[in-house]
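Asker: Questions regarding the structure given below will be posed in turn.
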Amino acid sequence: MYKIVRKQMLNPSVVLMEINAPYIAKKAKAGQFIIFRIDEKGERIPLTIADYDRENGTVTIIYQIAGKSTMQLSELNEGDTILDFAGPLGVPTHFEEGIKKAAVIGGGVGCAIAYPQAKALHEKGVSVDVIAGFRNKDIVILEDEFKAVSDRLIITTDDGSYGKKGFVTDALKELIDSGTKYDVVVAIGPVPMMKFVSELTRGYGIKTIVSLNPIMIDGTGMCGGCRVTVGGQVKYACVDGPDFDGHLVDFDELARRNSTYADKEKQEKEHYCRLMGGIRNA
Amino acid sequence: MPNMAPNKTKMPEQDPKVRARNFEEVALGYTKAMAMEEAGRCLNCKHKPCVEGCPVNVRIPEFIAEIAKGNFKEAYEIITSTNNLPAVCGRVCPQENQCEGKCVRGIKGEPVAIGRLERFAADFVMENEQTKIKKPEPNGHKVAVVGSGPAGLACAADLAKLGYEVTVFEAFHVAGGVLMYGIPEFRLPKAIVQKEIQSLKDLGVKFMTNMVIGKVLSVDELVQEMGFEAVFIGSGAGLPNFMGIEGENFVGVYSANEFLTRINLMKAYLEDYDTPIRKAKAVAVVGGGNVAMDAARSALRLGAEKVYIIYRRSLEELPARREEVHHAMEEGVEFLLLQNPVRIIGDENGRVRAMECIKMELGEPDESGRRKPVEIKGSNFEIEVDTVIMAIGTSPNPLIRSTTKGLEVNRRGCLVVNEDMLTSREGIYAGGDAVTGAATVILAMGAGKKAAKAIDEYIMSK
Ligand SMILES: Cc1cc2nc3c(=O)[nH]c(=O)nc-3n(C[C@H](O)[C@H](O)[C@H](O)COP(=O)(O)OP(=O)(O)OC[C@H]3O[C@@H](n4cnc5c(N)ncnc54)[C@H](O)[C@@H]3O)c2cc1C
Ligand SMILES: Cc1cc2nc3c(=O)[nH]c(=O)nc-3n(C[C@H](O)[C@H](O)[C@H](O)COP(=O)(O)OP(=O)(O)OC[C@H]3O[C@@H](n4cnc5c(N)ncnc54)[C@H](O)[C@@H]3O)c2cc1C
Ligand code: SF4
Ligand code: SF4
Ligand code: FES
């Protein structure tokens, strides 16, 4: 059993939790993830390790209330426990030596996954520009955290209700065109966003790292469910990734594969909402 | 006077039409009377060829003689003196290639139903006897076991009986390995596996689930930081192979591992569990082993109207247990033999629509002595399916070997061990599928036992 030691709503549909998991806290690195299962009947759900505290033995997760499992998790409180919490899984993010300037781009809850990468780069002494994109003002998350690890933070909203109006790609293009030279771009968010950022940076020849979120079960390489095509080769995102070169990823295939259970997910969520009278998000 | 009936005493089974739609156990087991009748067929041969056929040398005629006399508990004790998991082995051993394959009654008729009798003795004792397990005196030594499949469980059990403090580290959230995630409920009820694991807990074995060794702790850390004096690696061969043909990433293509894990471990077939699975209409399962049979029969049970086994050789070469092939046929699985997939065809949304196959014929024997299938040019055809399950084999996961320095592996990624199951590293032993590649439950168990003995000798001589 793994205890929830802290819970904080970052916005109405994004939750931060600190979970007591000392073995994982001791080993975790930026870019890795955990798989949790709420109870005996729960699904195994992957979430990125947003942060960790080796001394206190806790791991931070930040998640969007997307469907049944995350909704159930969000209903638990400090002091409650979840049944399973396994990790740290996946290859830690690896940045080459010699990177001086980086752009870290987060889309929505993808900011939670982008944050540890921005922090890792910042701690290496890299100059980091963060572009964080949201649909509107109400769902902006991690602003202070990003500020602390970046040289420049640009927040964009689709409707202009906060920060700059427009998409993250627009903001990135502007920065590049105004002469900022990036050695690397890290883009994490919805599949279309990662695709468009990668298409943009391809034109400029800037190396781009994306973090993929295919459907997973075990997270150890034994089911093949998480397979993605990268540079024409089949990779297992849970053991070969989740970070890959954005210029090589087949995003359309990923989007299709992620829709495998779309019908069932919709049903389950609605069913669960009806049962719990929960608010529907997303 | 032995019972000279040429055939095995029939075991009651669920009707094929009914069972093809439920996940309950297919074979229902012998009654006492049936078991005693079948036991009467054993000739108690002096040279015991059957015992040689069993990888752990279960004392077969002796236990059968006890069953014949109605001494079921005694029979059970004879079996468990060499086999820790009789309820499992009685159900899943490929008996026709092992014990029963050597039985003299098999020369003129059917062999003695050794597997069924073994299962009977184990089930009888589980149901009727209070086996009180006495925790042995601790000997003060600690051993770590990585992986909780049959190899790890057997090793842990034998060491615990000797007084070792054993901790089993398992990557998944439950212990049992393939017995829990691979072999379906209708062939091996999960409650049986959990009872076996409970008896290990009663012996004092500690289980730590959700521990992916190589990630959360390395093998070296188990030794250096956690004070384990020896490590046994029984991490299996869980990595699925794909064919590398066109269309394998379409929605609706599964590895058998994923398909079976969703069903067995995550209970996707039960309404109130959250893990989803595709409800398929027509399913093609590629492969001919136990894994393929399990996937095909599970697909039927989930409601598929058509389920095909696509196998590139002929019926004789099908590597699955004979009983499973027979059961699959009875249940309505269609066998497309001497055929091989060429590509998978998707619709405009990237979902499986059909599979193109080619007919094969058997050519010259290859190194393994089996006649090699060769394609018949131009014989391509399509079958309409919406789900494809690849069951063409698995290989060991590289996670442990890539995070443990100095562990020798062979070309296929299997750990190399000597006759004592010792790897190239002192104090680190290995066995089961991690060493042999995908094999059988009983071989994995045998390896675990052998390693336990060697580990005991190693620690005692230090
Ligand atoms: C390596 C990795 C790291 C991730 N990190 C985070 C994170 O830090 N924060 C966060 O909010 N989300 C993260 N995700 C996505 C998260 O796992 C899914 O949102 C979650 O599975 C939704 O579960 P649910 O039952 O609540 O919703 P569901 O009803 O299962 O699904 C809701 C939506 O999520 C997609 N989805 C379903 N299952 C998965 C799955 N196993 N993996 C990915 N997408 C899925 C579906 O296509 C659907 O649109 C990560 C995914 C991966 C693979
Ligand atoms: C579907 C299917 C049907 C089968 N049917 C039969 C049959 O009818 N008869 C028969 O005799 N055999 C059958 N087999 C084969 C048999 O199950 C295996 O040979 C046997 O289980 C191997 O045992 P093992 O202990 O070596 O490995 P496994 O049973 O594979 O167990 C390995 C365990 O180690 C864990 N693990 C792996 N890596 C790590 C890590 N890094 N850290 C921690 N834990 C780890 C895994 O999660 C797993 O629980 C079947 C196999 C399958 C897949
Ligand atoms: S363990 Fe398997 S091979 Fe040995 S006697 Fe029992 S069923 Fe036969
Ligand atoms: S070979 Fe057959 S008949 Fe002979 S002892 Fe063994 S089981 Fe009995
Ligand atoms: S999640 Fe199963 S192989 Fe990656």
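Naming scheme: A, B, ... for chains in displayed order of the structure tokens; residues 1 onward per chain; ligands 1 onward as shown.
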For chain A, list the residues within 9 Å of chain B, counting only C-alpha atoms, and write the list as number ranges by chain.
Answerer: A: 23-24, 26-28, 37, 40-44, 68-69, 83-90, 217-218, 220-225, 227-229, 234, 239, 253, 256-261, 264-265, 268
Asker: Stretch 3-240 of chain A: which residues are strand (DSSP E or B) by DSSP, as an mmCIF file with C-alpha atoms, in the first residue's frame?
Answerer:
data_model
loop_
_atom_site.group_PDB
_atom_site.id
_atom_site.type_symbol
_atom_site.label_atom_id
_atom_site.label_comp_id
_atom_site.auth_asym_id
_atom_site.auth_seq_id
_atom_site.Cartn_x
_atom_site.Cartn_y
_atom_site.Cartn_z
ATOM 1 C CA LYS A 3 0.103 6.438 1.072
ATOM 2 C CA ILE A 4 -0.929 9.796 -0.347
ATOM 3 C CA VAL A 5 0.928 12.304 1.809
ATOM 4 C CA ARG A 6 -0.053 15.488 -0.006
ATOM 5 C CA LYS A 7 -2.785 16.468 -2.400
ATOM 6 C CA GLN A 8 -3.228 19.763 -4.161
ATOM 7 C CA MET A 9 -5.596 20.774 -6.945
ATOM 8 C CA LEU A 10 -3.523 22.739 -9.449
ATOM 9 C CA ASN A 11 -6.609 23.656 -11.388
ATOM 10 C CA VAL A 14 -5.257 18.775 -12.687
ATOM 11 C CA VAL A 15 -4.146 17.232 -9.406
ATOM 12 C CA LEU A 16 -0.773 17.023 -7.735
ATOM 13 C CA MET A 17 -0.111 14.226 -5.290
ATOM 14 C CA GLU A 18 2.903 13.214 -3.283
ATOM 15 C CA ILE A 19 3.013 9.490 -2.716
ATOM 16 C CA ASN A 20 5.071 7.676 -0.145
ATOM 17 C CA PHE A 33 7.439 7.310 -14.872
ATOM 18 C CA ILE A 34 5.483 5.097 -12.499
ATOM 19 C CA ILE A 35 2.512 2.814 -13.014
ATOM 20 C CA PHE A 36 -0.226 2.868 -10.418
ATOM 21 C CA ARG A 37 -3.290 0.774 -9.754
ATOM 22 C CA ILE A 45 -2.046 3.627 -15.425
ATOM 23 C CA PRO A 46 1.297 5.303 -16.257
ATOM 24 C CA LEU A 47 2.149 8.776 -14.893
ATOM 25 C CA THR A 48 5.376 10.717 -15.113
ATOM 26 C CA ASP A 51 9.378 15.394 -8.820
ATOM 27 C CA TYR A 52 10.798 13.331 -5.977
ATOM 28 C CA ASP A 53 12.151 13.810 -2.490
ATOM 29 C CA THR A 58 8.081 10.646 -1.700
ATOM 30 C CA VAL A 59 7.310 10.831 -5.392
ATOM 31 C CA THR A 60 5.216 13.625 -6.919
ATOM 32 C CA ILE A 61 2.726 12.953 -9.676
ATOM 33 C CA ILE A 62 0.667 15.534 -11.527
ATOM 34 C CA TYR A 63 -2.210 14.297 -13.567
ATOM 35 C CA GLN A 64 -5.134 15.398 -15.626
ATOM 36 C CA THR A 81 -3.632 4.683 0.166
ATOM 37 C CA ILE A 82 -3.469 3.159 -3.275
ATOM 38 C CA ASP A 84 0.103 -0.458 -6.389
ATOM 39 C CA PHE A 85 2.803 1.992 -7.409
ATOM 40 C CA ALA A 86 5.691 0.632 -9.483
ATOM 41 C CA GLY A 87 8.727 2.377 -10.897
ATOM 42 C CA PRO A 88 10.856 4.165 -11.763
ATOM 43 C CA LEU A 89 10.213 2.972 -15.318
ATOM 44 C CA LYS A 101 20.265 27.035 -24.720
ATOM 45 C CA ALA A 102 17.092 24.995 -24.616
ATOM 46 C CA ALA A 103 13.393 25.582 -25.176
ATOM 47 C CA VAL A 104 11.082 23.459 -23.077
ATOM 48 C CA ILE A 105 7.508 23.431 -24.320
ATOM 49 C CA GLY A 106 4.589 22.082 -22.345
ATOM 50 C CA GLY A 107 1.031 21.683 -23.518
ATOM 51 C CA SER A 127 19.740 28.556 -20.207
ATOM 52 C CA VAL A 128 16.100 27.483 -20.445
ATOM 53 C CA ASP A 129 13.161 29.193 -22.136
ATOM 54 C CA VAL A 130 9.835 27.678 -21.169
ATOM 55 C CA ILE A 131 6.733 27.990 -23.316
ATOM 56 C CA ALA A 132 3.680 26.686 -21.519
ATOM 57 C CA GLY A 133 0.433 26.505 -23.458
ATOM 58 C CA PHE A 134 -3.095 26.201 -22.100
ATOM 59 C CA ARG A 152 12.243 33.214 -19.708
ATOM 60 C CA LEU A 153 8.700 31.916 -19.257
ATOM 61 C CA ILE A 154 6.092 32.479 -21.926
ATOM 62 C CA ILE A 155 2.568 31.396 -21.218
ATOM 63 C CA THR A 156 0.167 31.088 -24.124
ATOM 64 C CA THR A 157 -3.572 30.568 -24.068
ATOM 65 C CA LYS A 164 0.071 35.496 -25.104
ATOM 66 C CA LYS A 165 -2.832 34.573 -27.338
ATOM 67 C CA VAL A 184 17.553 21.523 -28.249
ATOM 68 C CA VAL A 185 13.781 21.769 -28.004
ATOM 69 C CA VAL A 186 11.825 19.570 -25.598
ATOM 70 C CA ALA A 187 8.117 19.318 -26.432
ATOM 71 C CA ILE A 188 5.637 17.497 -24.225
ATOM 72 C CA THR A 208 13.665 18.013 -30.716
ATOM 73 C CA ILE A 209 12.847 15.600 -27.924
ATOM 74 C CA VAL A 210 9.277 14.500 -27.293
ATOM 75 C CA SER A 211 7.858 12.306 -24.539
ATOM 76 C CA ARG A 227 4.961 0.077 -29.458
ATOM 77 C CA VAL A 228 5.582 3.173 -31.509
ATOM 78 C CA THR A 229 7.326 3.676 -34.821
ATOM 79 C CA VAL A 230 10.434 5.858 -34.607
ATOM 80 C CA GLN A 233 11.696 1.076 -36.453
ATOM 81 C CA VAL A 234 9.350 -0.354 -33.856
ATOM 82 C CA LYS A 235 10.228 0.760 -30.330
ATOM 83 C CA TYR A 236 8.642 0.006 -26.982
#
Asker: Could you list, as number ranges by chain, all residues that come within 7 Å of ligand 2? Count only C-alpha atoms and all ligand atoms.
Answerer: B: 92-94, 146-152, 169-172, 175-179, 182-183, 211-214, 234-238, 257, 260, 290-291, 294, 321, 397, 399-400, 431-434, 438-442, 444-445
Asker: Could you name the residues that touch B:Arg412 at 9 Å or less, counting only C-alpha atoms, but leaving out those on the same chain fewer than 2 positions away, as a PyMOL selection string?
Answerer: chain B and resi 395-396+409-410+414-415+437
Asker: I need the residues from that last selection saved to file as a short mmCIF file (atom, residue, chain, number, x, y, z; two decimals), in the first residue's frame (with N, CA, C and O atoms), if you can.
Answerer:
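Generated file (selection.cif):
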data_model
loop_
_atom_site.label_atom_id
_atom_site.label_comp_id
_atom_site.auth_asym_id
_atom_site.auth_seq_id
_atom_site.Cartn_x
_atom_site.Cartn_y
_atom_site.Cartn_z
N SER B 395 11.20 -13.99 -25.75
CA SER B 395 12.61 -14.14 -25.37
C SER B 395 12.84 -13.42 -24.04
O SER B 395 12.00 -12.65 -23.60
N PRO B 396 13.97 -13.68 -23.39
CA PRO B 396 14.21 -13.06 -22.08
C PRO B 396 14.30 -11.54 -22.16
O PRO B 396 14.82 -10.99 -23.13
N VAL B 409 25.62 -13.89 -21.18
CA VAL B 409 24.40 -14.35 -21.86
C VAL B 409 24.78 -14.96 -23.20
O VAL B 409 25.85 -14.71 -23.72
N ASN B 410 23.88 -15.78 -23.74
CA ASN B 410 24.17 -16.36 -25.05
C ASN B 410 23.56 -15.50 -26.16
O ASN B 410 23.00 -14.44 -25.91
N CYS B 414 19.76 -15.40 -23.41
CA CYS B 414 19.49 -16.23 -22.21
C CYS B 414 20.72 -16.20 -21.31
O CYS B 414 21.85 -16.20 -21.80
N LEU B 415 20.47 -16.19 -19.99
CA LEU B 415 21.59 -16.20 -19.04
C LEU B 415 22.31 -17.55 -19.12
O LEU B 415 21.67 -18.59 -19.24
N GLY B 437 15.12 -20.02 -22.31
CA GLY B 437 14.14 -19.49 -23.27
C GLY B 437 12.82 -20.16 -22.93
O GLY B 437 12.77 -21.06 -22.09
#
Asker: Using only C-alpha atoms and all ligand atoms, which residues have at least one atom no more than 8 Å from ligand 4? Output them as a ChimeraX atom specification.
Answerer: /B:41-51,60-61,64,99-100,102-106,111-114
Asker: Do you have the atom CA of B:Ile459-atom CA of B:Glu419 distance handy?
Answerer: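 Distance between the two atoms: 17.1 Å.
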Asker: Excluding B:Phe186 and residues on its chain fewer than 2 positions from it, collect all residues at most 6 Å away from it, counting only C-alpha atoms, and give them as a list in words.
Answerer: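 The residues that qualify are Phe23, Glu24, Glu25, Val26, Pro184 and Leu188 of chain B.
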Asker: Output the selection as a tab-separated table (two decimals), in the first residue's frame - all heavy atoms for each residue.
Answerer:
chain	number	residue	atom	x	y	z
B	23	PHE	N	-15.25	-18.70	-18.59
B	23	PHE	CA	-13.84	-18.80	-18.20
B	23	PHE	C	-13.62	-19.82	-17.09
B	23	PHE	O	-12.55	-19.88	-16.51
B	23	PHE	CB	-13.29	-17.42	-17.81
B	23	PHE	CG	-12.84	-16.61	-18.99
B	23	PHE	CD1	-13.74	-15.83	-19.70
B	23	PHE	CD2	-11.53	-16.66	-19.43
B	23	PHE	CE1	-13.34	-15.09	-20.80
B	23	PHE	CE2	-11.10	-15.92	-20.53
B	23	PHE	CZ	-12.00	-15.14	-21.23
B	24	GLU	N	-14.66	-20.60	-16.79
B	24	GLU	CA	-14.46	-21.58	-15.72
B	24	GLU	C	-13.66	-22.78	-16.21
B	24	GLU	O	-13.58	-23.05	-17.39
B	24	GLU	CB	-15.83	-22.04	-15.20
B	24	GLU	CG	-16.41	-21.05	-14.23
B	24	GLU	CD	-17.92	-20.96	-14.34
B	24	GLU	OE1	-18.56	-22.02	-14.43
B	24	GLU	OE2	-18.43	-19.83	-14.40
B	25	GLU	N	-13.11	-23.53	-15.26
B	25	GLU	CA	-12.20	-24.60	-15.64
B	25	GLU	C	-12.88	-25.61	-16.55
B	25	GLU	O	-14.02	-26.03	-16.32
B	25	GLU	CB	-11.61	-25.28	-14.40
B	25	GLU	CG	-10.40	-26.10	-14.77
B	25	GLU	CD	-9.63	-26.64	-13.57
B	25	GLU	OE1	-10.15	-26.61	-12.44
B	25	GLU	OE2	-8.49	-27.10	-13.79
B	26	VAL	N	-12.15	-26.03	-17.57
B	26	VAL	CA	-12.67	-26.97	-18.57
B	26	VAL	C	-12.76	-28.38	-18.00
B	26	VAL	O	-13.80	-29.04	-18.05
B	26	VAL	CB	-11.76	-26.95	-19.82
B	26	VAL	CG1	-12.07	-28.11	-20.74
B	26	VAL	CG2	-11.90	-25.61	-20.54
B	184	PRO	N	-4.58	-19.21	-18.83
B	184	PRO	CA	-5.90	-18.71	-18.44
B	184	PRO	C	-6.58	-19.51	-17.33
B	184	PRO	O	-6.28	-20.68	-17.10
B	184	PRO	CB	-6.73	-18.81	-19.73
B	184	PRO	CG	-5.76	-19.08	-20.82
B	184	PRO	CD	-4.55	-19.72	-20.21
B	188	LEU	N	-6.12	-23.20	-15.62
B	188	LEU	CA	-5.43	-23.20	-14.33
B	188	LEU	C	-6.05	-22.12	-13.46
B	188	LEU	O	-5.68	-20.95	-13.56
B	188	LEU	CB	-3.93	-22.90	-14.55
B	188	LEU	CG	-3.08	-22.82	-13.30
B	188	LEU	CD1	-3.04	-24.15	-12.56
B	188	LEU	CD2	-1.65	-22.41	-13.66
Asker: Restricting the calculation to only C-alpha atoms, which member of B:Leu362, B:Met390, B:Ile197, B:Met226 is positioned closest to B:Gly288?
Answerer: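 For B:Gly288, the nearest of the given residues is B:Met390.
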Asker: Within 10 Å of B:Arg116, counting only C-alpha atoms, which residues show up once you throw out same-chain ones fewer than 2 positions away? Write them as a ChimeraX atom specification, please.
Answerer: /B:8-11,27,29-30,35,38,87,89-91,95,112-114,118-122
Asker: Identify all residues of stretch 212-281 of chain B in helix (DSSP H, G or I) (DSSP on the backbone) and supply them as number ranges by chain.
Answerer: B: 219-224, 256-265
Asker: Determine the nearest neighbour of A:Cys111 from the options A:Arg202, A:Asp170, A:Val140, A:Glu97, counting only C-alpha atoms.
Answerer: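 Among A:Arg202, A:Asp170, A:Val140, A:Glu97, it is A:Val140 that comes nearest to A:Cys111.
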Asker: Using only C-alpha atoms, which protein or nucleic acid residues come within 9 Å of A:Thr169? Drop anything in the same chain fewer than 4 positions from it, and give the result as a count of residues only.
Answerer: 7
Asker: Which residue is closest to ligand 3? Choose from B:Leu422, B:Val18, B:Cys54, B:Ala284 and count only C-alpha atoms and all ligand atoms.
Answerer: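 Nearest candidate to ligand 3 out of B:Leu422, B:Val18, B:Cys54, B:Ala284: B:Cys54.
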